[in-house]
Amino acid sequence: MWRELEPIGRQAGGGYRRFAWTAADAACRAWFRAAAERRGLRYEVDRNGNQWAWAGDPTRAVGVGAAVVTGSHLDSVPDGGGYDGPLGVVSGFAALDELRARGRAGGRPLAVVNFADEEGARFGVSCVGSRLASGLLDPDRARALRDADGVTLAEALADAGHDPRELGPDPGRLAGIHAFVELHVEQGLALARTGHPVGVGSAIWPHGRWRFDFRGEANHAGTTRLADRRDPMLSYATTVLTARKRARLAEALATFGRVEVEPGGVNAVPSLVRAWLDARAPDPDTLATLVADIERAAAERGARDGVAVRVTRESHTGPVAFDQGLRVRLSARLGGAPVLPTGAGHDAGILASARPAPVPTAMLFVRNPTGVSHAPAERAEEADCLAGVAALAEVLEDLLWEHPQGRHNPEEREDPVCR
């Protein structure tokens with residue numbers, strides 16, 4: 001499976017560009033469908049473009065909390081690594097294969113899912129597929145999102161053969177999920193420091209994205225005195241340094257990772273600098289204070305430079321604590337695997353915040369020896385990936401054969417529908 005996916009969207013520098021609803025994304029989605037059909041799974045695409053591969057009858061999972069679901073996403077950030085997302089999808093299929101080999105792929109319906117547009121690299125909002133399904137993203141707002149070329153999400157969906165009018169909450173589907181377990185490569189070095197190949201997620205920090213528009217006045221770089229300039233680049237640059245300092249003092253994270261400059265001439269003072277801030281913190285109050293401090297510093301510097309500053313919040317996710325009962329059970333099932341928080345957002349965190357009712361969710365992390373993520377150096381050793389599959393299979397088996405009262409029945413055998 002890994003060899004099949006590896007070349008899709010790969011760039012000369014080794015990173016990946018698998019943006020939502022592009023040719024590379026379509027190739028990944030075709031791979032997912034083929035993987036489902038090779039296993040005789042029931043394949044479907046929901047109203048928000050998320051792909052599902054079912055072992056067992058999905059109609060049993062509507063409104064009764066019956067299904068166990070695993071998976072992740074297949075899209076990437078610009079020049080991202082190959083493991084963030086795909087490892088969880090590949091491991092979901094591999095864990096199902098293992099359970100079938102044991103004769104333990106029944107009890108409840110089981111699905112592997114590929115959530116659409118998790119990274120938000122093209123349209124600027126992360127976890128679009130799971131946010132829409134969970135009622136956390138307004139469908140009209142989603143349809144109006146635009147990429148850097150001005151293409152709306154609605155247009156991209158239509159070009160890919162999906163009806164954008166169908167976007168919206170999917171409470172019946174989510175109500176049918178007994179538990180969702182997402183496996184993901186670790187985006188840091190916590191497991192590398194403990195020596196464990198697999199860990200259990202405890203919580204996700206609150207985080208969000210803010211767009212800063214710095215508007216000045218275009219002018220000639222060779223004739224305009226420094227004192228006569230209204231240069232938005234100065235305001236932007238000072239804001240970047242301020243964000244780093246305030247984040248360090250708050251023990252939080254702040255990153256300006258994308259910037260656009262107009263008109264973009266080497267010999268011209270820019271008229272507009274548009275930049276995106278990614279900010280994360282251990283708690284909501286710290287995050288709110290951090291962003292407010294950065295906004296205030298940007299406005300103060302803009303006033304000195306004769307630059308107008310406007311800040312727009314594009315997305316925000318509150319703190320997410322994964323289901324405590326699942327977390328404890330998973331750690332115990334895996335022989336006391338370490339439990340660790342993360343500052344990264346995931347579809348599991350969105351489902352855990354779904355409206356009107358959250359989905360019980362948990363996460364498994366596979367050791368990353370480099371600690372690098374969202375870059376070509378992102379990595380996981382094959383032995384650790386296999387340990388992740390084994391751990392996921394153990395967890396899924398436990399959930400598949402769990403009775404409503406929480407009792408495990410080792411005498412039950414595979415549901416014939418799942419064979």
# chains A, B, ... in the order shown; residues from 1 in each chain; ligands from 1
call {"tool": "select_by_dssp", "arguments": {"residues": "stretch 208-322 of chain A", "states": "helix (DSSP H, G or I)", "output": "ChimeraX atom specification"}}
result
/A:226-228,232-250,284-305
call {"tool": "write_last_selection", "arguments": {"atoms": "N, CA and C atoms", "output": "short mmCIF file (atom, residue, chain, number, x, y, z; two decimals), in the first residue's frame"}}
result
data_model
loop_
_atom_site.label_atom_id
_atom_site.label_comp_id
_atom_site.auth_asym_id
_atom_site.auth_seq_id
_atom_site.Cartn_x
_atom_site.Cartn_y
_atom_site.Cartn_z
N LEU A 226 13.05 57.08 2.71
CA LEU A 226 12.54 56.20 3.77
C LEU A 226 11.50 56.92 4.62
N ALA A 227 11.74 58.19 4.90
CA ALA A 227 10.83 58.94 5.75
C ALA A 227 9.47 59.19 5.09
N ASP A 228 9.43 59.09 3.76
CA ASP A 228 8.18 59.36 3.04
C ASP A 228 7.39 58.09 2.73
N PRO A 232 4.17 48.63 4.26
CA PRO A 232 3.54 47.59 5.08
C PRO A 232 4.48 46.45 5.46
N MET A 233 5.59 46.32 4.71
CA MET A 233 6.54 45.25 5.03
C MET A 233 7.19 45.49 6.39
N LEU A 234 7.42 46.74 6.73
CA LEU A 234 7.98 47.05 8.05
C LEU A 234 7.02 46.62 9.16
N SER A 235 5.75 46.94 8.98
CA SER A 235 4.74 46.58 10.00
C SER A 235 4.64 45.07 10.13
N TYR A 236 4.66 44.39 8.99
CA TYR A 236 4.59 42.92 9.00
C TYR A 236 5.81 42.33 9.69
N ALA A 237 7.00 42.78 9.32
CA ALA A 237 8.23 42.21 9.88
C ALA A 237 8.28 42.39 11.39
N THR A 238 7.90 43.56 11.86
CA THR A 238 7.90 43.81 13.30
C THR A 238 6.89 42.89 13.99
N THR A 239 5.75 42.66 13.35
CA THR A 239 4.73 41.79 13.93
C THR A 239 5.22 40.35 14.05
N VAL A 240 5.98 39.88 13.07
CA VAL A 240 6.53 38.53 13.14
C VAL A 240 7.44 38.39 14.35
N LEU A 241 8.31 39.34 14.55
CA LEU A 241 9.23 39.28 15.69
C LEU A 241 8.47 39.37 17.01
N THR A 242 7.44 40.21 17.05
CA THR A 242 6.62 40.33 18.26
C THR A 242 5.91 39.02 18.57
N ALA A 243 5.38 38.38 17.54
CA ALA A 243 4.66 37.12 17.74
C ALA A 243 5.58 36.07 18.35
N ARG A 244 6.80 36.00 17.85
CA ARG A 244 7.76 35.02 18.39
C ARG A 244 8.05 35.31 19.86
N LYS A 245 8.26 36.57 20.20
CA LYS A 245 8.59 36.93 21.57
C LYS A 245 7.42 36.66 22.52
N ARG A 246 6.22 37.08 22.12
CA ARG A 246 5.06 36.89 22.99
C ARG A 246 4.74 35.40 23.17
N ALA A 247 4.92 34.61 22.11
CA ALA A 247 4.67 33.17 22.23
C ALA A 247 5.67 32.52 23.19
N ARG A 248 6.93 32.92 23.08
CA ARG A 248 7.95 32.36 23.97
C ARG A 248 7.64 32.68 25.43
N LEU A 249 7.24 33.91 25.72
CA LEU A 249 6.93 34.32 27.09
C LEU A 249 5.69 33.59 27.62
N ALA A 250 4.75 33.29 26.72
CA ALA A 250 3.51 32.63 27.13
C ALA A 250 3.62 31.11 27.13
N PRO A 284 -7.37 28.11 26.47
CA PRO A 284 -8.02 29.18 25.69
C PRO A 284 -7.62 30.59 26.13
N ASP A 285 -7.49 30.83 27.43
CA ASP A 285 -7.15 32.17 27.89
C ASP A 285 -5.77 32.59 27.40
N THR A 286 -4.82 31.68 27.46
CA THR A 286 -3.47 31.99 26.98
C THR A 286 -3.49 32.28 25.49
N LEU A 287 -4.25 31.49 24.73
CA LEU A 287 -4.34 31.71 23.29
C LEU A 287 -4.97 33.07 22.99
N ALA A 288 -6.08 33.39 23.66
CA ALA A 288 -6.76 34.66 23.41
C ALA A 288 -5.85 35.84 23.73
N THR A 289 -5.14 35.76 24.84
CA THR A 289 -4.24 36.84 25.23
C THR A 289 -3.10 36.98 24.24
N LEU A 290 -2.55 35.85 23.81
CA LEU A 290 -1.45 35.87 22.85
C LEU A 290 -1.86 36.56 21.56
N VAL A 291 -2.99 36.16 20.99
CA VAL A 291 -3.43 36.73 19.72
C VAL A 291 -3.76 38.21 19.88
N ALA A 292 -4.40 38.56 21.00
CA ALA A 292 -4.73 39.97 21.24
C ALA A 292 -3.47 40.81 21.34
N ASP A 293 -2.44 40.29 21.99
CA ASP A 293 -1.17 41.02 22.10
C ASP A 293 -0.53 41.23 20.73
N ILE A 294 -0.59 40.19 19.88
CA ILE A 294 0.00 40.31 18.55
C ILE A 294 -0.79 41.31 17.70
N GLU A 295 -2.12 41.26 17.79
CA GLU A 295 -2.94 42.22 17.06
C GLU A 295 -2.63 43.65 17.50
N ARG A 296 -2.56 43.86 18.80
CA ARG A 296 -2.30 45.21 19.32
C ARG A 296 -0.94 45.72 18.86
N ALA A 297 0.07 44.85 18.91
CA ALA A 297 1.41 45.26 18.47
C ALA A 297 1.41 45.60 16.99
N ALA A 298 0.65 44.82 16.18
CA ALA A 298 0.58 45.10 14.74
C ALA A 298 -0.07 46.46 14.48
N ALA A 299 -1.16 46.74 15.20
CA ALA A 299 -1.86 48.01 15.01
C ALA A 299 -0.98 49.19 15.43
N GLU A 300 -0.27 49.04 16.55
CA GLU A 300 0.60 50.13 17.02
C GLU A 300 1.72 50.41 16.03
N ARG A 301 2.33 49.34 15.53
CA ARG A 301 3.40 49.54 14.56
C ARG A 301 2.84 50.11 13.25
N GLY A 302 1.66 49.63 12.84
CA GLY A 302 1.04 50.15 11.63
C GLY A 302 0.78 51.65 11.72
N ALA A 303 0.33 52.10 12.89
CA ALA A 303 0.07 53.54 13.07
C ALA A 303 1.36 54.34 12.90
N ARG A 304 2.47 53.83 13.39
CA ARG A 304 3.76 54.51 13.23
C ARG A 304 4.20 54.55 11.78
N ASP A 305 3.86 53.49 11.01
CA ASP A 305 4.31 53.39 9.63
C ASP A 305 3.33 53.98 8.62
#
call {"tool": "closest_atom_pairs", "arguments": {"of": "stretch 19-105 of chain A", "to": "stretch 143-163 of chain A", "cutoff": "12 Å", "atoms": "only C-alpha atoms", "output": "JSON lines"}}
result
{"residue": "A:Phe19", "atom": "CA", "partner": "A:Asp147", "partner_atom": "CA", "distance": 10.5}
{"residue": "A:Ala20", "atom": "CA", "partner": "A:Ala156", "partner_atom": "CA", "distance": 8.7}
{"residue": "A:Trp21", "atom": "CA", "partner": "A:Ala156", "partner_atom": "CA", "distance": 6.2}
{"residue": "A:Thr22", "atom": "CA", "partner": "A:Ala156", "partner_atom": "CA", "distance": 8.1}
{"residue": "A:Ala23", "atom": "CA", "partner": "A:Ala160", "partner_atom": "CA", "distance": 9.2}
{"residue": "A:Ala24", "atom": "CA", "partner": "A:Ala160", "partner_atom": "CA", "distance": 11.9}
{"residue": "A:Asp25", "atom": "CA", "partner": "A:Ala160", "partner_atom": "CA", "distance": 10.1}
{"residue": "A:Ala26", "atom": "CA", "partner": "A:Ala160", "partner_atom": "CA", "distance": 8.0}
{"residue": "A:Ala27", "atom": "CA", "partner": "A:Ala160", "partner_atom": "CA", "distance": 11.6}
{"residue": "A:Arg29", "atom": "CA", "partner": "A:Ala160", "partner_atom": "CA", "distance": 11.1}
{"residue": "A:Val45", "atom": "CA", "partner": "A:His162", "partner_atom": "CA", "distance": 9.5}
{"residue": "A:Asp46", "atom": "CA", "partner": "A:His162", "partner_atom": "CA", "distance": 9.9}
{"residue": "A:Arg47", "atom": "CA", "partner": "A:Asp163", "partner_atom": "CA", "distance": 8.1}
{"residue": "A:Asn48", "atom": "CA", "partner": "A:His162", "partner_atom": "CA", "distance": 8.7}
{"residue": "A:Gly49", "atom": "CA", "partner": "A:His162", "partner_atom": "CA", "distance": 7.3}
{"residue": "A:Asn50", "atom": "CA", "partner": "A:His162", "partner_atom": "CA", "distance": 11.0}
call {"tool": "write_last_selection", "arguments": {"atoms": "N, CA, C and O atoms", "output": "PDB file, in the first residue's frame"}}
result
ATOM      1  N   PHE A  19      -3.010  18.707  -2.614  1.00  0.00           N
ATOM      2  CA  PHE A  19      -4.014  19.660  -2.166  1.00  0.00           C
ATOM      3  C   PHE A  19      -5.412  19.158  -2.500  1.00  0.00           C
ATOM      4  O   PHE A  19      -5.613  18.456  -3.500  1.00  0.00           O
ATOM      5  N   ALA A  20      -6.372  19.554  -1.691  1.00  0.00           N
ATOM      6  CA  ALA A  20      -7.748  19.075  -1.846  1.00  0.00           C
ATOM      7  C   ALA A  20      -8.314  19.389  -3.221  1.00  0.00           C
ATOM      8  O   ALA A  20      -8.158  20.498  -3.743  1.00  0.00           O
ATOM      9  N   TRP A  21      -8.951  18.392  -3.812  1.00  0.00           N
ATOM     10  CA  TRP A  21      -9.686  18.518  -5.061  1.00  0.00           C
ATOM     11  C   TRP A  21      -8.792  18.935  -6.228  1.00  0.00           C
ATOM     12  O   TRP A  21      -9.207  19.682  -7.107  1.00  0.00           O
ATOM     13  N   THR A  22      -7.545  18.443  -6.210  1.00  0.00           N
ATOM     14  CA  THR A  22      -6.625  18.582  -7.336  1.00  0.00           C
ATOM     15  C   THR A  22      -6.400  17.194  -7.939  1.00  0.00           C
ATOM     16  O   THR A  22      -6.918  16.183  -7.439  1.00  0.00           O
ATOM     17  N   ALA A  23      -5.593  17.141  -8.999  1.00  0.00           N
ATOM     18  CA  ALA A  23      -5.315  15.850  -9.645  1.00  0.00           C
ATOM     19  C   ALA A  23      -4.627  14.882  -8.690  1.00  0.00           C
ATOM     20  O   ALA A  23      -4.929  13.676  -8.680  1.00  0.00           O
ATOM     21  N   ALA A  24      -3.688  15.391  -7.868  1.00  0.00           N
ATOM     22  CA  ALA A  24      -3.000  14.512  -6.918  1.00  0.00           C
ATOM     23  C   ALA A  24      -3.968  13.968  -5.881  1.00  0.00           C
ATOM     24  O   ALA A  24      -3.920  12.790  -5.507  1.00  0.00           O
ATOM     25  N   ASP A  25      -4.871  14.816  -5.414  1.00  0.00           N
ATOM     26  CA  ASP A  25      -5.879  14.374  -4.452  1.00  0.00           C
ATOM     27  C   ASP A  25      -6.794  13.333  -5.091  1.00  0.00           C
ATOM     28  O   ASP A  25      -7.149  12.330  -4.456  1.00  0.00           O
ATOM     29  N   ALA A  26      -7.173  13.553  -6.349  1.00  0.00           N
ATOM     30  CA  ALA A  26      -8.026  12.586  -7.041  1.00  0.00           C
ATOM     31  C   ALA A  26      -7.338  11.233  -7.160  1.00  0.00           C
ATOM     32  O   ALA A  26      -7.983  10.181  -7.017  1.00  0.00           O
ATOM     33  N   ALA A  27      -6.022  11.241  -7.394  1.00  0.00           N
ATOM     34  CA  ALA A  27      -5.280   9.979  -7.475  1.00  0.00           C
ATOM     35  C   ALA A  27      -5.266   9.272  -6.129  1.00  0.00           C
ATOM     36  O   ALA A  27      -5.386   8.038  -6.056  1.00  0.00           O
ATOM     37  N   ARG A  29      -7.568   9.583  -3.816  1.00  0.00           N
ATOM     38  CA  ARG A  29      -8.944   9.112  -3.598  1.00  0.00           C
ATOM     39  C   ARG A  29      -9.226   7.859  -4.424  1.00  0.00           C
ATOM     40  O   ARG A  29      -9.917   6.943  -3.959  1.00  0.00           O
ATOM     41  N   VAL A  45     -19.114   7.723  -0.682  1.00  0.00           N
ATOM     42  CA  VAL A  45     -18.668   9.093  -0.445  1.00  0.00           C
ATOM     43  C   VAL A  45     -19.833   9.837   0.171  1.00  0.00           C
ATOM     44  O   VAL A  45     -20.948   9.821  -0.372  1.00  0.00           O
ATOM     45  N   ASP A  46     -19.610  10.482   1.308  1.00  0.00           N
ATOM     46  CA  ASP A  46     -20.712  11.179   1.965  1.00  0.00           C
ATOM     47  C   ASP A  46     -20.939  12.554   1.347  1.00  0.00           C
ATOM     48  O   ASP A  46     -20.252  12.967   0.401  1.00  0.00           O
ATOM     49  N   ARG A  47     -21.879  13.298   1.878  1.00  0.00           N
ATOM     50  CA  ARG A  47     -22.299  14.567   1.292  1.00  0.00           C
ATOM     51  C   ARG A  47     -21.186  15.625   1.310  1.00  0.00           C
ATOM     52  O   ARG A  47     -21.252  16.604   0.573  1.00  0.00           O
ATOM     53  N   ASN A  48     -20.162  15.408   2.163  1.00  0.00           N
ATOM     54  CA  ASN A  48     -19.069  16.368   2.289  1.00  0.00           C
ATOM     55  C   ASN A  48     -17.773  15.917   1.628  1.00  0.00           C
ATOM     56  O   ASN A  48     -16.720  16.517   1.843  1.00  0.00           O
ATOM     57  N   GLY A  49     -17.856  14.856   0.831  1.00  0.00           N
ATOM     58  CA  GLY A  49     -16.691  14.388   0.102  1.00  0.00           C
ATOM     59  C   GLY A  49     -15.789  13.453   0.869  1.00  0.00           C
ATOM     60  O   GLY A  49     -14.723  13.067   0.365  1.00  0.00           O
ATOM     61  N   ASN A  50     -16.161  13.071   2.096  1.00  0.00           N
ATOM     62  CA  ASN A  50     -15.367  12.110   2.862  1.00  0.00           C
ATOM     63  C   ASN A  50     -15.612  10.702   2.317  1.00  0.00           C
ATOM     64  O   ASN A  50     -16.743  10.342   2.013  1.00  0.00           O
TER      65      ASN A  50
END
call {"tool": "residues_around", "arguments": {"residues": "A:Leu183", "least_positions_apart": "2", "cutoff": "9 Å", "atoms": "only C-alpha atoms", "output": "tab-separated table (two decimals) with N, CA and C atoms, in the first residue's frame"}}
result
chain	number	residue	atom	x	y	z
A	70	THR	N	-12.00	4.00	11.95
A	70	THR	CA	-10.61	4.43	12.02
A	70	THR	C	-10.24	5.07	10.70
A	71	GLY	N	-9.11	5.74	10.63
A	71	GLY	CA	-8.67	6.40	9.41
A	71	GLY	C	-8.08	7.75	9.70
A	72	SER	N	-7.89	8.55	8.65
A	72	SER	CA	-7.26	9.86	8.80
A	72	SER	C	-7.53	10.63	7.51
A	85	GLY	N	-1.16	11.83	7.91
A	85	GLY	CA	-2.43	11.48	7.28
A	85	GLY	C	-2.40	10.10	6.66
A	87	LEU	N	-0.42	7.63	6.83
A	87	LEU	CA	-0.08	6.52	7.74
A	87	LEU	C	-1.33	6.00	8.44
A	88	GLY	N	-2.23	6.92	8.83
A	88	GLY	CA	-3.44	6.49	9.51
A	88	GLY	C	-4.40	5.74	8.61
A	89	VAL	N	-4.48	6.13	7.34
A	89	VAL	CA	-5.38	5.45	6.41
A	89	VAL	C	-4.83	4.08	6.05
A	91	SER	N	-2.72	2.30	7.75
A	91	SER	CA	-2.75	1.46	8.95
A	91	SER	C	-4.16	0.96	9.24
A	92	GLY	N	-5.17	1.77	8.89
A	92	GLY	CA	-6.55	1.31	9.07
A	92	GLY	C	-6.86	0.09	8.23
A	181	VAL	N	-11.07	6.01	16.20
A	181	VAL	CA	-9.67	5.95	16.61
A	181	VAL	C	-8.80	6.35	15.42
A	185	VAL	N	1.26	9.74	12.68
A	185	VAL	CA	2.67	9.87	13.01
A	185	VAL	C	2.82	10.97	14.05
A	362	ALA	N	-10.36	8.76	20.09
A	362	ALA	CA	-9.05	8.50	20.68
A	362	ALA	C	-8.02	8.59	19.57
A	363	MET	N	-6.75	8.78	19.97
A	363	MET	CA	-5.67	8.83	18.99
A	363	MET	C	-4.50	7.98	19.42
A	364	LEU	N	-3.86	7.36	18.44
A	364	LEU	CA	-2.60	6.66	18.64
A	364	LEU	C	-1.53	7.38	17.84
A	365	PHE	N	-0.35	7.54	18.42
A	365	PHE	CA	0.77	8.18	17.74
A	365	PHE	C	1.90	7.17	17.54
A	366	VAL	N	2.49	7.21	16.35
A	366	VAL	CA	3.63	6.35	16.02
A	366	VAL	C	4.90	7.20	16.07
A	388	GLY	N	2.52	0.15	15.17
A	388	GLY	CA	1.30	0.95	15.18
A	388	GLY	C	0.11	0.17	14.65
A	389	VAL	N	0.31	-0.60	13.56
A	389	VAL	CA	-0.76	-1.43	13.02
A	389	VAL	C	-1.21	-2.46	14.05
A	392	LEU	N	-3.19	-0.71	16.72
A	392	LEU	CA	-4.51	-0.33	16.23
A	392	LEU	C	-5.42	-1.54	16.13
call {"tool": "atom_distance", "arguments": {"atom1": "atom CA of A:Asp140", "atom2": "atom CA of A:Trp210"}}
result
19.7 Å
call {"tool": "residues_around", "arguments": {"residues": "A:Pro7", "least_positions_apart": "6", "cutoff": "10 Å", "atoms": "only C-alpha atoms", "output": "PDB file with N, CA, C and O atoms, in the first residue's frame"}}
result
ATOM      1  N   GLY A  14      11.361  16.014  -2.642  1.00  0.00           N
ATOM      2  CA  GLY A  14      10.994  14.926  -1.751  1.00  0.00           C
ATOM      3  C   GLY A  14       9.706  15.148  -0.995  1.00  0.00           C
ATOM      4  O   GLY A  14       9.155  14.212  -0.415  1.00  0.00           O
ATOM      5  N   TYR A  16       5.554  16.546  -0.591  1.00  0.00           N
ATOM      6  CA  TYR A  16       4.315  16.226  -1.297  1.00  0.00           C
ATOM      7  C   TYR A  16       3.417  17.453  -1.424  1.00  0.00           C
ATOM      8  O   TYR A  16       3.362  18.298  -0.524  1.00  0.00           O
ATOM      9  N   ALA A  24      -3.688  15.391  -7.868  1.00  0.00           N
ATOM     10  CA  ALA A  24      -3.000  14.512  -6.918  1.00  0.00           C
ATOM     11  C   ALA A  24      -3.968  13.968  -5.881  1.00  0.00           C
ATOM     12  O   ALA A  24      -3.920  12.790  -5.507  1.00  0.00           O
ATOM     13  N   GLY A  82       5.343  12.486   3.872  1.00  0.00           N
ATOM     14  CA  GLY A  82       4.484  11.437   3.342  1.00  0.00           C
ATOM     15  C   GLY A  82       3.671  10.700   4.391  1.00  0.00           C
ATOM     16  O   GLY A  82       2.817   9.884   4.036  1.00  0.00           O
TER      17      GLY A  82
END
call {"tool": "atom_distance", "arguments": {"atom1": "atom CA of A:Thr194", "atom2": "atom CA of A:Pro338"}}
result
8.1 Å
call {"tool": "select_by_dssp", "arguments": {"residues": "stretch 105-189 of chain A", "states": "strand (DSSP E or B)", "output": "count of residues only"}}
result
17
call {"tool": "closest_residue", "arguments": {"among": "A:Pro86, A:Gly81, A:Pro169, A:Pro263", "to": "A:Pro139", "atoms": "only C-alpha atoms"}}
result
A:Pro169
call {"tool": "atom_distance", "arguments": {"atom1": "atom CA of A:Ser126", "atom2": "atom CA of A:Val320"}}
result
15.5 Å
call {"tool": "residues_around", "arguments": {"residues": "A:Val128", "least_positions_apart": "2", "cutoff": "12 Å", "atoms": "only C-alpha atoms", "output": "PyMOL selection string"}}
result
chain A and resi 20-21+48-50+73+75+115-126+130-139+141-143+145+153+167-169+315+346-347+350-351
call {"tool": "closest_residue", "arguments": {"among": "A:Pro341, A:Gly106, A:Gly201, A:Pro319", "to": "A:Thr361", "atoms": "only C-alpha atoms"}}
result
A:Gly201
call {"tool": "residues_around", "arguments": {"residues": "A:Glu44", "least_positions_apart": "5", "cutoff": "9 Å", "atoms": "only C-alpha atoms", "output": "number ranges by chain"}}
result
A: 33, 50-54
call {"tool": "decode", "arguments": {"residues": "stretch 240-251 of chain A", "atoms": "N, CA, C and O atoms", "output": "PDB file, in the first residue's frame"}}
result
ATOM      1  N   VAL A 240       5.976  39.884  13.070  1.00  0.00           N
ATOM      2  CA  VAL A 240       6.529  38.529  13.136  1.00  0.00           C
ATOM      3  C   VAL A 240       7.437  38.387  14.350  1.00  0.00           C
ATOM      4  O   VAL A 240       7.348  37.406  15.112  1.00  0.00           O
ATOM      5  N   LEU A 241       8.312  39.339  14.554  1.00  0.00           N
ATOM      6  CA  LEU A 241       9.232  39.282  15.693  1.00  0.00           C
ATOM      7  C   LEU A 241       8.467  39.366  17.012  1.00  0.00           C
ATOM      8  O   LEU A 241       8.795  38.667  17.979  1.00  0.00           O
ATOM      9  N   THR A 242       7.440  40.208  17.052  1.00  0.00           N
ATOM     10  CA  THR A 242       6.620  40.332  18.263  1.00  0.00           C
ATOM     11  C   THR A 242       5.906  39.022  18.569  1.00  0.00           C
ATOM     12  O   THR A 242       5.832  38.592  19.724  1.00  0.00           O
ATOM     13  N   ALA A 243       5.376  38.378  17.536  1.00  0.00           N
ATOM     14  CA  ALA A 243       4.664  37.117  17.737  1.00  0.00           C
ATOM     15  C   ALA A 243       5.575  36.070  18.351  1.00  0.00           C
ATOM     16  O   ALA A 243       5.181  35.334  19.268  1.00  0.00           O
ATOM     17  N   ARG A 244       6.801  35.998  17.853  1.00  0.00           N
ATOM     18  CA  ARG A 244       7.760  35.025  18.394  1.00  0.00           C
ATOM     19  C   ARG A 244       8.048  35.313  19.863  1.00  0.00           C
ATOM     20  O   ARG A 244       8.062  34.406  20.711  1.00  0.00           O
ATOM     21  N   LYS A 245       8.262  36.572  20.199  1.00  0.00           N
ATOM     22  CA  LYS A 245       8.592  36.933  21.572  1.00  0.00           C
ATOM     23  C   LYS A 245       7.420  36.659  22.518  1.00  0.00           C
ATOM     24  O   LYS A 245       7.599  36.069  23.583  1.00  0.00           O
ATOM     25  N   ARG A 246       6.221  37.079  22.115  1.00  0.00           N
ATOM     26  CA  ARG A 246       5.056  36.891  22.985  1.00  0.00           C
ATOM     27  C   ARG A 246       4.741  35.402  23.174  1.00  0.00           C
ATOM     28  O   ARG A 246       4.340  34.980  24.254  1.00  0.00           O
ATOM     29  N   ALA A 247       4.916  34.609  22.113  1.00  0.00           N
ATOM     30  CA  ALA A 247       4.666  33.174  22.234  1.00  0.00           C
ATOM     31  C   ALA A 247       5.669  32.519  23.186  1.00  0.00           C
ATOM     32  O   ALA A 247       5.305  31.667  24.001  1.00  0.00           O
ATOM     33  N   ARG A 248       6.929  32.923  23.080  1.00  0.00           N
ATOM     34  CA  ARG A 248       7.948  32.362  23.974  1.00  0.00           C
ATOM     35  C   ARG A 248       7.638  32.685  25.433  1.00  0.00           C
ATOM     36  O   ARG A 248       7.719  31.815  26.302  1.00  0.00           O
ATOM     37  N   LEU A 249       7.242  33.914  25.715  1.00  0.00           N
ATOM     38  CA  LEU A 249       6.933  34.317  27.093  1.00  0.00           C
ATOM     39  C   LEU A 249       5.693  33.593  27.618  1.00  0.00           C
ATOM     40  O   LEU A 249       5.598  33.316  28.813  1.00  0.00           O
ATOM     41  N   ALA A 250       4.753  33.293  26.723  1.00  0.00           N
ATOM     42  CA  ALA A 250       3.510  32.631  27.134  1.00  0.00           C
ATOM     43  C   ALA A 250       3.615  31.113  27.128  1.00  0.00           C
ATOM     44  O   ALA A 250       2.649  30.426  27.464  1.00  0.00           O
ATOM     45  N   GLU A 251       4.785  30.574  26.736  1.00  0.00           N
ATOM     46  CA  GLU A 251       4.968  29.131  26.566  1.00  0.00           C
ATOM     47  C   GLU A 251       3.913  28.570  25.620  1.00  0.00           C
ATOM     48  O   GLU A 251       3.297  27.527  25.869  1.00  0.00           O
TER      49      GLU A 251
END
